[in-house]
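One structure is given here, and the rest of the page talks about it.
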Amino acid sequence: MPLKGIISPSGKELSWEQYLVSNERGLFPRPARYNMFRELAPARSRWISPSSLCYCLRKAKWEFEREYYLTEQSAYPLFRGCIVHTMFATPKETNEGALVEEDIKCKIPGTDFVIGGRLDRWEKEILSDYKSLADNGMHILASTGIKQEHIWQTNIYKLILKRGYNLDTKEIKIIYVTMKGIVQSGSTFHISDRRGGEKEIKLASCPIYADDKILDFMVPKIKLITEGYAPPAAPQDWLCKSCYFKRECEATIGKGTSQVEDMAMPKTPEIPKSVDVNDLF
Ligand code: SF4
């Protein structure tokens with residue numbers, strides 16, 4: 001279901017139309033609101049995105065089934081990602097055979113469900129995915145390396161390209177963009193250290209997984225989201241903070257903080273039947 005609108009600084013749930021014309025103080029300037037509306041408002045009806053499979057599945061399920069709102073501040077990182085993508089998308093006609101900023105998807109046979117999302121770039125068997133980072137992003141990257149979620153997301157795109165479009169991918173590049181610079185997987189970059197010097201950091205390359213491994217990762221999650229089961233909560237402070245369903249999630253498990261444990265749900269939700277991944281696409 002779509003992102004329905006924005007929660008204003010005073011706590012009002014505004015539809016996109018109300019958000020665009022609101023005079024409430026503290027809202028983003030109107031041109032920013034207009035562009036945020038243009039980029040974030042379009043509904044992605046009955047699509048499950050690769051990224052939603054990589055975080056809290058309860059949130060993914062509820063966002064998939066219901067309408068929801070975000071605060072401006074929590075919508076901003078999504079919007080920032082759109083800005084970065086717009087800057088790096090080049091006209092398709094100058095890149096023969098390339099897919100640039102294309103919506104790609106793949107139906108899961110036997111269901112109404114489709115997994116899909118917007119591909120940043122695929123060209124000459126190289127899949128490139130741009131990630132925008134906050135100001136301290138380079139330092140975080142230096143300490144954590146490429147996030148597992150990013151590796152899975154890009155590998156799921158690789159699988160959609162193969163299953164939906166018969167396109168092979170021989171390399172995946174994850175390109176991190178901040179306001180200060182760009183760094184891509186498999187390359188080195190420099191960060192300042194506490195003594196005012198510089199430290200060189202080598203970022204690993206993004207591995208390419210076999211399709212079976214990717215399907216083993218994603219199919220049970222899709223089943224949990226789509227078959228009426230209540231997926232387990234997977235709280236992470238940064239995610240719960242902006243989650244529209246936080247109160248309901250907390251109420252469900254009878255706790256008052258984001259330290260959510262899955263008490264009301266089965267500890268290990270049962271997947272209805274084993275899935276033969278070869279039947280799926
Ligand atoms: S509050 Fe946290 S754990 Fe609960 S659904 Fe939202 S993201 Fe998941």
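Please note that chains go A, B, ... in the order of the structure tokens, that every chain numbers its residues from 1, and that ligands are numbered from 1 in the order shown.
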
Closest contacts (chain A/ligand 1, max 7 Å, only C-alpha atoms and all ligand atoms) as JSON lines:
{"residue": "A:Cys56", "atom": "CA", "partner": "ligand 1", "partner_atom_place_in_ligand_line": "8 (Fe)", "distance": 4.8}
{"residue": "A:Leu57", "atom": "CA", "partner": "ligand 1", "partner_atom_place_in_ligand_line": "8 (Fe)", "distance": 6.9}
{"residue": "A:Arg58", "atom": "CA", "partner": "ligand 1", "partner_atom_place_in_ligand_line": "5 (S)", "distance": 4.8}
{"residue": "A:Lys59", "atom": "CA", "partner": "ligand 1", "partner_atom_place_in_ligand_line": "5 (S)", "distance": 4.1}
{"residue": "A:Ala233", "atom": "CA", "partner": "ligand 1", "partner_atom_place_in_ligand_line": "3 (S)", "distance": 4.2}
{"residue": "A:Ala234", "atom": "CA", "partner": "ligand 1", "partner_atom_place_in_ligand_line": "3 (S)", "distance": 4.7}
{"residue": "A:Pro235", "atom": "CA", "partner": "ligand 1", "partner_atom_place_in_ligand_line": "3 (S)", "distance": 3.7}
{"residue": "A:Gln236", "atom": "CA", "partner": "ligand 1", "partner_atom_place_in_ligand_line": "2 (Fe)", "distance": 6.2}
{"residue": "A:Leu239", "atom": "CA", "partner": "ligand 1", "partner_atom_place_in_ligand_line": "7 (S)", "distance": 5.1}
{"residue": "A:Cys240", "atom": "CA", "partner": "ligand 1", "partner_atom_place_in_ligand_line": "2 (Fe)", "distance": 3.6}
{"residue": "A:Cys243", "atom": "CA", "partner": "ligand 1", "partner_atom_place_in_ligand_line": "6 (Fe)", "distance": 4.7}
{"residue": "A:Tyr244", "atom": "CA", "partner": "ligand 1", "partner_atom_place_in_ligand_line": "6 (Fe)", "distance": 6.9}
{"residue": "A:Phe245", "atom": "CA", "partner": "ligand 1", "partner_atom_place_in_ligand_line": "6 (Fe)", "distance": 5.4}
{"residue": "A:Lys246", "atom": "CA", "partner": "ligand 1", "partner_atom_place_in_ligand_line": "1 (S)", "distance": 3.7}
{"residue": "A:Cys249", "atom": "CA", "partner": "ligand 1", "partner_atom_place_in_ligand_line": "4 (Fe)", "distance": 4.6}
{"residue": "A:Glu250", "atom": "CA", "partner": "ligand 1", "partner_atom_place_in_ligand_line": "4 (Fe)", "distance": 6.6}
{"residue": "A:Ser258", "atom": "CA", "partner": "ligand 1", "partner_atom_place_in_ligand_line": "1 (S)", "distance": 6.2}
{"residue": "A:Val260", "atom": "CA", "partner": "ligand 1", "partner_atom_place_in_ligand_line": "3 (S)", "distance": 5.8}

Extract, using only C-alpha atoms, all DNA, RNA and protein residues at most 10 Å from A:Val177, discarding same-chain residues fewer than 4 positions from it, and format them as a tab-separated table (two decimals) with N, CA and C atoms, in the first residue's frame.
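Saved result, result-v7.tsv, follows:
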chain	number	residue	atom	x	y	z
A	81	GLY	N	17.80	9.81	-1.31
A	81	GLY	CA	18.17	8.75	-2.26
A	81	GLY	C	17.67	9.08	-3.65
A	84	VAL	N	19.95	11.66	-5.29
A	84	VAL	CA	21.19	11.04	-5.77
A	84	VAL	C	20.94	10.27	-7.05
A	85	HIS	N	19.86	9.50	-7.08
A	85	HIS	CA	19.57	8.71	-8.27
A	85	HIS	C	19.33	9.61	-9.48
A	130	TYR	N	23.35	2.78	-6.37
A	130	TYR	CA	23.81	3.97	-5.66
A	130	TYR	C	23.14	4.07	-4.30
A	131	LYS	N	23.94	4.32	-3.30
A	131	LYS	CA	23.40	4.49	-1.94
A	131	LYS	C	23.83	5.86	-1.42
A	132	SER	N	22.86	6.62	-0.97
A	132	SER	CA	23.25	7.91	-0.38
A	132	SER	C	23.51	7.70	1.11
A	133	LEU	N	24.51	8.39	1.60
A	133	LEU	CA	24.90	8.25	3.01
A	133	LEU	C	24.77	9.58	3.73
A	134	ALA	N	24.51	9.49	5.02
A	134	ALA	CA	24.49	10.69	5.86
A	134	ALA	C	25.92	11.23	5.98
A	135	ASP	N	26.05	12.39	6.62
A	135	ASP	CA	27.35	13.07	6.68
A	135	ASP	C	28.47	12.20	7.26
A	137	GLY	N	28.67	9.08	7.01
A	137	GLY	CA	28.57	7.79	6.33
A	137	GLY	C	29.90	7.13	6.05
A	138	MET	N	30.90	7.93	5.66
A	138	MET	CA	32.20	7.36	5.31
A	138	MET	C	32.84	6.68	6.52
A	181	GLY	N	31.92	13.07	-1.08
A	181	GLY	CA	32.61	12.23	-2.04
A	181	GLY	C	31.87	10.95	-2.33
A	182	ILE	N	32.52	10.12	-3.16
A	182	ILE	CA	31.91	8.87	-3.61
A	182	ILE	C	32.91	7.75	-3.41
A	183	VAL	N	32.44	6.62	-2.98
A	183	VAL	CA	33.33	5.46	-2.88
A	183	VAL	C	32.55	4.24	-3.34
A	184	GLN	N	33.23	3.34	-4.05
A	184	GLN	CA	32.51	2.17	-4.52
A	184	GLN	C	33.14	0.89	-4.04

message: Neighbouring residues of A:Ser143 were defined as those with any atom within 12 Å, considering only C-alpha atoms; residues of the same chain fewer than 2 positions away were excluded. Please report them as a ChimeraX atom specification.
response: /A:136-141,145-147,191,199-203

query: How would you write, as number ranges by chain, the set of residues in stretch 80-184 of chain A that DSSP gives as alpha helix (DSSP H)?
result: A: 80-88, 137-144, 148-165

Residues from last step as file, C-alpha atoms, as a PDB file, in the first residue's frame:
ATOM      1  CA  ARG A  80      17.752  12.104  -0.514  1.00  0.00           C
ATOM      2  CA  GLY A  81      18.165   8.748  -2.255  1.00  0.00           C
ATOM      3  CA  CYS A  82      15.911  10.016  -5.069  1.00  0.00           C
ATOM      4  CA  ILE A  83      18.060  13.127  -5.457  1.00  0.00           C
ATOM      5  CA  VAL A  84      21.194  11.042  -5.772  1.00  0.00           C
ATOM      6  CA  HIS A  85      19.568   8.706  -8.270  1.00  0.00           C
ATOM      7  CA  THR A  86      18.343  11.620 -10.354  1.00  0.00           C
ATOM      8  CA  MET A  87      21.840  13.066 -10.451  1.00  0.00           C
ATOM      9  CA  PHE A  88      23.373   9.820 -11.619  1.00  0.00           C
ATOM     10  CA  GLY A 137      28.569   7.787   6.330  1.00  0.00           C
ATOM     11  CA  MET A 138      32.205   7.355   5.306  1.00  0.00           C
ATOM     12  CA  HIS A 139      33.269   6.710   8.893  1.00  0.00           C
ATOM     13  CA  ILE A 140      30.480   4.200   9.375  1.00  0.00           C
ATOM     14  CA  LEU A 141      31.462   2.514   6.129  1.00  0.00           C
ATOM     15  CA  ALA A 142      35.072   2.390   7.319  1.00  0.00           C
ATOM     16  CA  SER A 143      34.073   0.504  10.447  1.00  0.00           C
ATOM     17  CA  THR A 144      31.314  -1.767   9.093  1.00  0.00           C
ATOM     18  CA  GLN A 148      24.874  -7.334   4.343  1.00  0.00           C
ATOM     19  CA  GLU A 149      21.481  -5.787   3.481  1.00  0.00           C
ATOM     20  CA  HIS A 150      23.032  -4.024   0.510  1.00  0.00           C
ATOM     21  CA  ILE A 151      24.663  -7.224  -0.678  1.00  0.00           C
ATOM     22  CA  TRP A 152      21.323  -9.077  -0.523  1.00  0.00           C
ATOM     23  CA  GLN A 153      19.346  -6.240  -2.153  1.00  0.00           C
ATOM     24  CA  THR A 154      21.671  -6.047  -5.129  1.00  0.00           C
ATOM     25  CA  ASN A 155      21.795  -9.816  -5.497  1.00  0.00           C
ATOM     26  CA  ILE A 156      17.977  -9.906  -5.542  1.00  0.00           C
ATOM     27  CA  TYR A 157      18.060  -7.335  -8.355  1.00  0.00           C
ATOM     28  CA  LYS A 158      20.524  -9.575 -10.127  1.00  0.00           C
ATOM     29  CA  LEU A 159      18.071 -12.448  -9.809  1.00  0.00           C
ATOM     30  CA  ILE A 160      15.121 -10.355 -11.069  1.00  0.00           C
ATOM     31  CA  LEU A 161      17.165  -9.302 -14.091  1.00  0.00           C
ATOM     32  CA  LYS A 162      17.900 -12.930 -14.878  1.00  0.00           C
ATOM     33  CA  ARG A 163      14.456 -14.391 -14.167  1.00  0.00           C
ATOM     34  CA  GLY A 164      12.424 -11.518 -15.568  1.00  0.00           C
ATOM     35  CA  TYR A 165      14.591 -10.270 -18.440  1.00  0.00           C
TER      36      TYR A 165
END

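Every protein or nucleic acid residue with an atom no more than 6 Å from stretch 115-127 of chain A, counting only C-alpha atoms and leaving out same-chain residues fewer than 6 positions away, appears here: Trp47, Ile48, Ser49, Ala98, Leu99, Val100, Glu101, Glu102, Asp103, Ile104, Lys105, Cys106, Asp168, Thr169, Lys170, Glu171 and Ile172 of chain A.
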
- prompt: DSSP on the backbone: what in stretch 70-230 of chain A comes out strand (DSSP E), as a count of residues only?
  reply: 48

field: Non-local contacts of A:Leu215 (9 Å; only C-alpha atoms; under 3 positions in same chain excluded) as a VMD selection string
entry: chain A and resid 156 159 210 to 212 218 to 220 277

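What separates atom CA of A:Asp129 from atom CA of A:Ser185 is a distance of 10.2 Å.
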